[in-house]
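Shown here: final24.cif, mmCIF, C-alpha atoms.
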```cif
data_target
#
loop_
_atom_site.label_atom_id
_atom_site.label_comp_id
_atom_site.auth_asym_id
_atom_site.auth_seq_id
_atom_site.Cartn_x
_atom_site.Cartn_y
_atom_site.Cartn_z
CA MET D 208 -154.47 101.21 -86.72
CA SER D 209 -153.54 104.90 -86.49
CA LYS D 210 -153.66 104.80 -82.70
CA THR D 211 -151.40 101.77 -82.70
CA ASN D 212 -148.88 103.60 -84.89
CA ASP D 213 -149.03 106.67 -82.66
CA LYS D 214 -148.36 104.56 -79.56
CA PHE D 215 -145.50 102.86 -81.34
CA GLU D 216 -143.98 106.21 -82.40
CA LYS D 217 -144.37 107.66 -78.91
CA GLY D 218 -142.79 104.56 -77.38
CA ARG D 219 -139.89 104.72 -79.79
CA LEU D 220 -139.45 108.44 -79.13
CA ARG D 221 -139.49 107.88 -75.36
CA SER D 222 -136.97 105.07 -75.71
CA SER D 223 -134.77 107.27 -77.89
CA ASN D 224 -134.85 110.12 -75.34
CA ILE D 225 -134.00 107.77 -72.48
CA THR D 226 -131.10 106.33 -74.47
CA VAL D 227 -129.73 109.82 -75.23
CA VAL D 228 -130.05 110.94 -71.60
CA ILE D 229 -128.36 107.80 -70.27
CA SER D 230 -125.56 108.01 -72.86
CA ILE D 231 -124.84 111.68 -72.13
CA SER D 232 -125.10 111.08 -68.36
CA LEU D 233 -122.55 108.27 -68.43
CA VAL D 234 -120.14 110.29 -70.53
CA LEU D 235 -120.51 113.39 -68.33
CA PHE D 236 -120.15 111.22 -65.22
CA LEU D 237 -116.80 109.91 -66.47
CA LEU D 238 -115.74 113.44 -67.39
CA GLY D 239 -116.76 114.60 -63.90
CA VAL D 240 -114.72 111.83 -62.25
CA PHE D 241 -111.74 112.94 -64.31
CA GLY D 242 -112.43 116.52 -63.18
CA LEU D 243 -112.40 115.38 -59.54
CA ILE D 244 -108.98 113.79 -60.10
CA VAL D 245 -107.63 117.01 -61.62
CA ILE D 246 -109.05 119.22 -58.84
CA ASN D 247 -107.71 116.99 -56.06
CA ALA D 248 -104.33 116.74 -57.79
CA GLN D 249 -104.15 120.55 -57.83
CA SER D 250 -105.23 120.76 -54.18
CA TYR D 251 -102.56 118.24 -53.18
CA ALA D 252 -99.95 120.15 -55.19
CA GLU D 253 -100.91 123.35 -53.34
CA HIS D 254 -100.66 121.48 -50.02
CA LEU D 255 -97.13 120.33 -50.90
CA LYS D 256 -96.13 123.87 -51.85
CA ARG D 257 -97.39 125.19 -48.50
CA GLU D 258 -95.30 122.62 -46.64
CA LEU D 259 -92.11 124.10 -48.07
CA LYS D 260 -91.20 127.20 -46.07
CA ILE D 261 -88.72 130.02 -46.51
CA GLU D 262 -86.99 131.02 -43.29
CA ALA D 263 -85.40 134.45 -42.84
CA TYR D 264 -82.99 134.76 -39.90
CA PHE D 265 -82.67 138.08 -38.09
CA ASN D 266 -79.37 139.82 -37.35
CA ASP D 267 -78.32 140.16 -33.73
CA VAL D 268 -78.53 143.77 -32.56
CA ASP D 269 -75.18 144.84 -31.09
CA ASP D 270 -76.12 148.45 -30.34
CA PRO D 271 -77.27 148.61 -26.68
CA LYS D 272 -79.58 151.52 -27.54
CA LEU D 273 -81.49 149.38 -30.03
CA LYS D 274 -81.43 146.17 -27.96
CA ASP D 275 -84.73 147.02 -26.24
CA LYS D 276 -86.33 147.74 -29.61
CA GLU D 277 -85.06 144.52 -31.24
CA PHE D 278 -88.29 142.54 -30.85
CA SER D 279 -90.51 145.43 -31.99
CA MET D 280 -88.30 145.95 -35.06
CA GLN D 281 -88.60 142.28 -35.94
CA GLN D 282 -92.38 142.34 -35.50
CA GLU D 283 -92.62 145.46 -37.63
CA TYR D 284 -90.68 143.70 -40.39
CA ILE D 285 -92.92 140.62 -40.17
CA ASP D 286 -96.08 142.75 -40.32
CA SER D 287 -94.77 144.52 -43.40
CA LEU D 288 -94.22 141.29 -45.34
CA LYS D 289 -97.90 140.65 -46.13
CA LEU D 290 -98.47 144.31 -46.99
CA LYS D 291 -95.42 144.55 -49.21
CA TYR D 292 -95.45 141.16 -50.96
CA ASP D 293 -98.57 139.48 -52.34
CA PHE D 294 -96.82 136.11 -52.50
CA VAL D 295 -96.69 135.85 -48.68
CA GLU D 296 -99.61 133.77 -47.41
CA ALA D 297 -98.64 133.39 -43.74
CA THR D 298 -95.79 134.20 -41.36
CA LYS D 299 -94.65 132.70 -38.08
CA TYR D 300 -92.14 134.24 -35.67
CA ILE D 301 -89.64 131.83 -34.11
CA SER D 302 -87.80 133.16 -31.06
CA LYS D 303 -84.36 132.03 -29.88
CA GLU D 304 -85.97 129.80 -27.25
CA GLU D 305 -88.28 128.16 -29.79
CA ALA D 306 -85.38 127.69 -32.21
CA SER D 307 -83.43 125.87 -29.47
CA LYS D 308 -86.38 123.57 -28.77
CA ILE D 309 -86.73 122.77 -32.47
CA ALA D 310 -82.99 122.04 -32.68
CA LYS D 311 -83.25 119.67 -29.70
CA LEU D 312 -86.04 117.73 -31.38
CA ASP D 313 -84.24 117.60 -34.72
CA LEU D 314 -80.93 116.49 -33.18
CA GLY D 315 -82.46 114.24 -30.54
CA VAL D 316 -80.43 115.90 -27.77
CA ASN D 317 -81.76 116.58 -24.27
CA ASP D 318 -78.55 117.80 -22.65
CA GLN D 319 -79.33 121.29 -21.30
CA GLU D 320 -75.64 122.24 -21.14
CA ILE D 321 -75.35 122.15 -24.91
CA PHE D 322 -78.29 124.52 -25.25
CA GLU D 323 -77.78 126.67 -22.16
CA ALA D 324 -77.22 129.69 -24.37
CA ASN D 325 -79.63 130.67 -27.07
CA ILE D 326 -77.18 130.17 -29.90
CA TYR D 327 -79.86 130.03 -32.58
CA PRO D 328 -81.03 133.39 -33.96
CA PRO D 329 -84.69 134.39 -34.08
CA SER D 330 -86.34 134.02 -37.47
CA VAL D 331 -89.55 134.37 -39.41
CA GLN D 332 -90.97 131.34 -41.20
CA ILE D 333 -92.75 132.36 -44.40
CA THR D 334 -95.42 130.32 -46.15
CA LEU D 335 -95.76 131.26 -49.81
CA ASP D 336 -99.07 131.52 -51.64
CA PRO D 337 -99.02 128.45 -53.96
CA LYS D 338 -101.19 130.24 -56.52
CA LYS D 339 -98.59 132.98 -56.96
CA ILE D 340 -95.54 130.69 -57.17
CA ASN D 341 -95.06 128.69 -60.36
CA SER D 342 -91.30 128.34 -60.74
CA ILE D 343 -88.04 128.02 -58.85
CA GLU D 344 -86.87 131.31 -60.40
CA GLN D 345 -89.67 133.10 -58.53
CA ILE D 346 -88.53 131.55 -55.24
CA ASP D 347 -84.94 132.64 -55.92
CA SER D 348 -86.18 136.16 -56.63
CA ILE D 349 -88.18 136.17 -53.38
CA MET D 350 -85.17 135.05 -51.36
CA THR D 351 -83.10 137.84 -52.92
CA LYS D 352 -85.75 140.43 -52.00
CA LEU D 353 -85.91 139.18 -48.40
CA SER D 354 -82.13 139.18 -48.06
CA ALA D 355 -81.91 142.81 -49.20
CA ASN D 356 -83.34 144.08 -45.89
CA PRO D 357 -80.53 144.99 -43.42
CA ILE D 358 -82.44 143.42 -40.52
CA ILE D 359 -82.08 140.00 -42.18
CA ASP D 360 -78.86 138.05 -41.81
CA GLU D 361 -79.64 135.00 -43.97
CA VAL D 362 -82.52 133.46 -45.92
CA LYS D 363 -82.81 129.69 -46.32
CA SER D 364 -85.17 127.33 -48.08
CA ASP D 365 -85.25 123.68 -49.05
CA ARG D 366 -84.51 124.52 -52.68
CA GLU D 367 -83.87 120.97 -53.87
CA ALA D 368 -87.18 119.73 -52.50
CA MET D 369 -88.93 122.73 -54.05
CA MET D 370 -87.35 122.00 -57.43
CA ALA D 371 -88.39 118.35 -57.27
CA ILE D 372 -91.98 119.22 -56.31
CA HIS D 373 -92.32 121.93 -58.96
CA LYS D 374 -90.93 119.58 -61.61
CA SER D 375 -93.34 116.81 -60.58
CA ILE D 376 -96.30 119.20 -60.46
CA ASN D 377 -95.51 120.62 -63.90
CA THR D 378 -95.17 117.11 -65.38
CA ILE D 379 -98.42 115.89 -63.79
CA THR D 380 -100.30 119.05 -64.86
CA PHE D 381 -99.02 118.71 -68.44
CA TRP D 382 -100.18 115.11 -68.82
CA LEU D 383 -103.49 115.78 -67.08
CA MET D 384 -104.19 118.55 -69.58
CA ILE D 385 -103.28 116.23 -72.47
CA PHE D 386 -105.61 113.52 -71.19
CA ALA D 387 -108.32 116.11 -70.48
CA GLY D 388 -108.15 117.31 -74.09
CA ILE D 389 -108.32 113.77 -75.47
CA PHE D 390 -111.17 112.84 -73.15
CA LEU D 391 -113.11 115.98 -74.09
CA VAL D 392 -112.86 115.06 -77.77
CA ILE D 393 -114.15 111.55 -76.97
CA VAL D 394 -117.02 113.09 -74.95
CA ILE D 395 -118.01 115.35 -77.86
CA ILE D 396 -117.95 112.43 -80.34
CA LEU D 397 -120.02 110.12 -78.10
CA ILE D 398 -122.64 112.76 -77.29
CA ASN D 399 -122.79 113.80 -80.95
CA ASN D 400 -123.38 110.19 -82.04
CA SER D 401 -126.18 109.74 -79.47
CA ILE D 402 -127.95 112.89 -80.67
CA ARG D 403 -127.51 111.94 -84.33
CA LEU D 404 -129.17 108.56 -83.73
CA LYS D 405 -132.09 110.34 -82.07
CA ILE D 406 -132.50 112.80 -84.97
CA TYR D 407 -132.12 109.93 -87.46
CA ALA D 408 -135.24 108.33 -85.97
CA LYS D 409 -137.14 111.57 -86.69
CA ARG D 410 -135.84 112.23 -90.19
CA PHE D 411 -139.18 111.51 -91.87
CA SER D 412 -141.01 113.88 -89.51
CA ILE D 413 -138.47 116.61 -90.33
CA LYS D 414 -138.87 116.11 -94.06
CA THR D 415 -142.69 115.96 -93.80
CA MET D 416 -142.81 119.33 -92.02
CA GLN D 417 -140.51 120.77 -94.64
CA LEU D 418 -142.69 119.47 -97.49
CA VAL D 419 -145.84 121.06 -96.08
CA GLY D 420 -144.13 124.46 -96.06
CA ALA D 421 -142.70 124.82 -92.54
CA ARG D 422 -139.65 127.07 -92.31
CA ARG D 423 -136.33 125.64 -91.23
CA ARG D 424 -136.24 127.82 -88.14
CA PHE D 425 -139.70 126.59 -87.11
CA ILE D 426 -138.66 122.96 -87.65
CA MET D 427 -135.37 123.37 -85.77
CA LYS D 428 -136.73 125.18 -82.70
CA PRO D 429 -138.48 122.26 -80.93
CA PHE D 430 -135.54 119.95 -81.66
CA LEU D 431 -133.07 122.45 -80.19
CA LEU D 432 -135.19 123.02 -77.08
CA GLU D 433 -135.59 119.29 -76.58
CA GLY D 434 -131.85 118.74 -77.11
CA ALA D 435 -130.98 121.43 -74.55
CA LEU D 436 -133.40 119.94 -72.00
CA LEU D 437 -132.04 116.43 -72.54
CA GLY D 438 -128.48 117.73 -72.14
CA LEU D 439 -129.45 119.58 -68.95
CA LEU D 440 -131.23 116.53 -67.53
CA ALA D 441 -128.25 114.32 -68.32
CA ALA D 442 -125.89 116.81 -66.64
CA VAL D 443 -128.05 116.89 -63.49
CA ILE D 444 -128.10 113.08 -63.32
CA ALA D 445 -124.33 112.93 -63.83
CA ILE D 446 -123.71 115.59 -61.14
CA ILE D 447 -125.92 113.70 -58.65
CA GLY D 448 -123.98 110.50 -59.38
CA ILE D 449 -120.64 112.28 -58.95
CA GLY D 450 -121.88 113.88 -55.71
CA ILE D 451 -122.84 110.49 -54.27
CA LEU D 452 -119.51 108.98 -55.32
CA TRP D 453 -117.53 111.87 -53.81
CA TYR D 454 -119.54 111.77 -50.56
CA LEU D 455 -118.79 108.06 -50.13
CA LEU D 456 -115.08 108.56 -50.86
CA ALA D 457 -114.65 111.75 -48.82
CA THR D 458 -116.37 110.36 -45.71
CA ARG D 459 -114.34 107.16 -45.90
CA ILE D 460 -110.95 108.77 -46.57
CA GLY D 461 -111.52 111.90 -44.48
CA LEU D 462 -111.47 114.56 -47.21
CA LEU D 463 -113.41 117.81 -47.35
CA LEU D 464 -116.91 117.37 -48.73
CA TRP D 465 -116.79 120.67 -50.62
CA ASN D 466 -114.02 122.32 -52.58
CA PRO D 467 -114.61 125.77 -54.17
CA GLN D 468 -113.39 124.28 -57.46
CA PHE D 469 -116.37 121.90 -57.48
CA GLY D 470 -118.60 124.84 -58.43
CA TYR D 471 -116.59 125.32 -61.64
CA LEU D 472 -116.77 121.58 -62.34
CA ILE D 473 -120.57 121.61 -62.02
CA ALA D 474 -120.82 124.62 -64.36
CA VAL D 475 -118.52 122.92 -66.90
CA LEU D 476 -120.54 119.69 -66.86
CA VAL D 477 -123.84 121.56 -67.33
CA GLY D 478 -122.31 123.71 -70.06
CA ILE D 479 -120.84 120.74 -71.93
CA GLY D 480 -124.06 118.73 -71.64
CA VAL D 481 -126.29 121.54 -72.92
CA LEU D 482 -123.97 123.06 -75.55
CA ILE D 483 -122.87 119.78 -77.14
CA ALA D 484 -126.48 118.55 -77.20
CA LEU D 485 -127.55 121.83 -78.84
CA PHE D 486 -124.84 121.85 -81.50
CA SER D 487 -125.19 118.13 -82.20
CA THR D 488 -128.95 118.56 -82.64
CA LEU D 489 -128.42 121.59 -84.87
CA PHE D 490 -125.97 119.86 -87.22
CA ALA D 491 -127.90 116.57 -87.33
CA ALA D 492 -131.27 118.22 -88.02
CA TRP D 493 -129.74 120.59 -90.57
CA ARG D 494 -128.29 117.61 -92.43
CA TYR D 495 -131.70 116.01 -92.90
CA LEU D 496 -133.25 119.32 -93.91
CA ARG D 497 -130.82 119.50 -96.82
CA LEU D 498 -131.39 115.93 -97.99
CA LYS D 499 -133.82 115.07 -100.73
CA THR D 500 -136.74 112.75 -99.92
CA ASP D 501 -135.26 109.75 -101.75
CA GLN D 502 -131.99 110.16 -99.81
CA LEU D 503 -133.71 109.52 -96.45
CA TYR D 504 -134.00 105.79 -97.12
#
```
With the file now loaded, output its structure as structure tokens.
Amino acid sequence: MSKTNDKFEKGRLRSSNITVVISISLVLFLLGVFGLIVINAQSYAEHLKRELKIEAYFNDVDDPKLKDKEFSMQQEYIDSLKLKYDFVEATKYISKEEASKIAKLDLGVNDQEIFEANIYPPSVQITLDPKKINSIEQIDSIMTKLSANPIIDEVKSDREAMMAIHKSINTITFWLMIFAGIFLVIVIILINNSIRLKIYAKRFSIKTMQLVGARRRFIMKPFLLEGALLGLLAAVIAIIGIGILWYLLATRIGLLLWNPQFGYLIAVLVGIGVLIALFSTLFAAWRYLRLKTDQLY
């Protein structure tokens, strides 16, 4: 009879552990999918920011003595941009000939007579570091700084497109953070409920150990270790599921298989799984330690 009861208790305990692991895994999997959406939204926003360039046009050199040094002066200025300004990610020099070719393509004109003279000035196309630029005011400030150099005649940018993109990015980021906060609260509640149900099944064992003189710390330790291991196992299962999902999507759509931000996502999922399992186990077990024997029923 005793062996039958032991088998029954072990079976119920195993079933309880499996239920907790599956519950936490599913919740962390959904949280991870949401994290993938946030990371890819940020990556796409950075891609859009890089597509918007600032173009600084060089002055024509009228002094014959400096005419031979014109190109070297322009190159020296371009080389100094990355050293002087941390917001400059990349630069590209556009000569008069290249500017004429670009104008032909944009205007759809092939008549050589119209472009026989290089009427377009040379320029430098500047790609800004999207991580350093967060507002239109910063872009205006950058354009002012570039214009201050006497070698520069004019600085242009697609300001309206930049404003629209920054406004859209800020709106999307705001709502993503709101949803992330709400979803995190839901995750904590669901994981906490799963752990509480598991501890509820062991409430008599907890009280029995307490009645025979075991200290609270001694009683809590195995529960906390088990909770941490279950949280870790659930996180690993969720990460494997997310990895498989992302591999299938990335190979089909043609996206990069690895993003440096994925490392942070993995760490967050493991941290949430372990920490919430630990704290949920702590509070649930502590509750039953404080109850009287007749309150367990």
Reference answer for the PyMOL selection byres ((chain D and resi 373-386) around 8), as a CSV table (one decimal) with C-alpha atoms, keeping the file's coordinate frame:
```csv
chain,number,residue,atom,x,y,z
D,245,VAL,CA,-107.6,117.0,-61.6
D,252,ALA,CA,-100.0,120.2,-55.2
D,341,ASN,CA,-95.1,128.7,-60.4
D,342,SER,CA,-91.3,128.3,-60.7
D,343,ILE,CA,-88.0,128.0,-58.8
D,369,MET,CA,-88.9,122.7,-54.0
D,370,MET,CA,-87.4,122.0,-57.4
D,371,ALA,CA,-88.4,118.4,-57.3
D,372,ILE,CA,-92.0,119.2,-56.3
D,387,ALA,CA,-108.3,116.1,-70.5
D,388,GLY,CA,-108.2,117.3,-74.1
D,389,ILE,CA,-108.3,113.8,-75.5
D,390,PHE,CA,-111.2,112.8,-73.2
```
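Each of D:Asn356, D:Asn247, D:Ser307, D:Thr415 was checked against Ile326 (chain D) using all atoms listed in the file; the smallest atom-to-atom distance is that of D:Ser307.
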For Ser232 (chain D): contacts at 8 Å, only C-alpha atoms, fewer than 4 positions along chain excluded, given as an MDAnalysis selection string | chainID D and resid 228 236 441:442 444:445
Rounded to one decimal in Å, what is the spacing between CA of Ile358 (chain D) and CA of Glu283 (chain D)?
->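 About the pair CA of Ile358 (chain D) and CA of Glu283 (chain D): they are 10.8 Å apart.
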How far is it from CA of Asp360 (chain D) to CA of His254 (chain D), in Å with one decimal?
-> 28.6 Å
Nearest to Leu335 (chain D) by atom-to-atom distance, counting all atoms listed in the file, from D:Val240, D:Ile398, D:Ile261, D:Leu436 =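 Ranked by minimum distance to Leu335 (chain D), first place goes to D:Ile261.
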Explicit residues for the PyMOL selection byres ((chain D and resi 242) around 10) (as JSON, numbers by chain) = {"D": [236, 237, 238, 239, 240, 241, 243, 244, 245, 246, 247, 248, 383, 387, 468, 469, 471, 472, 473, 475, 476]}
Which residues come within 10 Å of Gln345 (chain D), counting only C-alpha atoms, excluding same-chain residues fewer than 6 positions away, as a PyMOL selection string?
-> chain D and resi 294+339+351
Please measure the separation of CA of Tyr454 (chain D) and CA of Asn466 (chain D), giving the value in Å to one decimal.
-> 12.1 Å
Tell me, as a PyMOL selection string, which residues lie within 8 Å of Ala435 (chain D), counting only C-alpha atoms; anything in the same chain fewer than 2 positions away does not count.
-> chain D and resi 431-433+437-439+480-482+484-485
Axis-aligned box for all listed atoms of region 230-237 of chain D, 5 Å per side, centre and edges in Å to one decimal, as lines of an AutoDock Vina configuration file:
```
center_x = -121.2
center_y = 110.7
center_z = -69.0
size_x = 18.8
size_y = 15.4
size_z = 17.6
```
Explicit residue set for the PyMOL selection byres ((chain D and resi 396) around 12), as a list in words | Ser230, Ile231, Val234, Ile389, Phe390, Leu391, Val392, Ile393, Val394, Ile395, Leu397, Ile398, Asn399, Asn400, Ser401, Ile402, Arg403, Ile483, Ala484, Phe486 and Ser487 of chain D
Pick from D:Ile451, D:Val331, D:Ile229, D:Ala368, whichever lies nearest to Ser302 (chain D) using only C-alpha atoms =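 Under the stated criterion, the closest residue is D:Val331.
With distances taken over all atoms listed in the file, D:Tyr327 is the one residue among D:Tyr292, D:Tyr327, D:Trp493, D:Phe425 lying closest to Lys308 (chain D).
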Could you name the residues that touch Ser287 (chain D) at 12 Å or less, counting only C-alpha atoms, but leaving out those on the same chain fewer than 5 positions away, as a PyMOL selection string?
-> chain D and resi 280-282+292-293+295+297-298+353+356
Kindly save the residues from that selection, with C-alpha atoms included, as a PDB file, in the frame of the given file.
```pdb
ATOM      1  CA  MET D 280     -88.300 145.950 -35.060  1.00  0.00           C
ATOM      2  CA  GLN D 281     -88.600 142.280 -35.940  1.00  0.00           C
ATOM      3  CA  GLN D 282     -92.380 142.340 -35.500  1.00  0.00           C
ATOM      4  CA  TYR D 292     -95.450 141.160 -50.960  1.00  0.00           C
ATOM      5  CA  ASP D 293     -98.570 139.480 -52.340  1.00  0.00           C
ATOM      6  CA  VAL D 295     -96.690 135.850 -48.680  1.00  0.00           C
ATOM      7  CA  ALA D 297     -98.640 133.390 -43.740  1.00  0.00           C
ATOM      8  CA  THR D 298     -95.790 134.200 -41.360  1.00  0.00           C
ATOM      9  CA  LEU D 353     -85.910 139.180 -48.400  1.00  0.00           C
ATOM     10  CA  ASN D 356     -83.340 144.080 -45.890  1.00  0.00           C
TER      11      ASN D 356
END
```
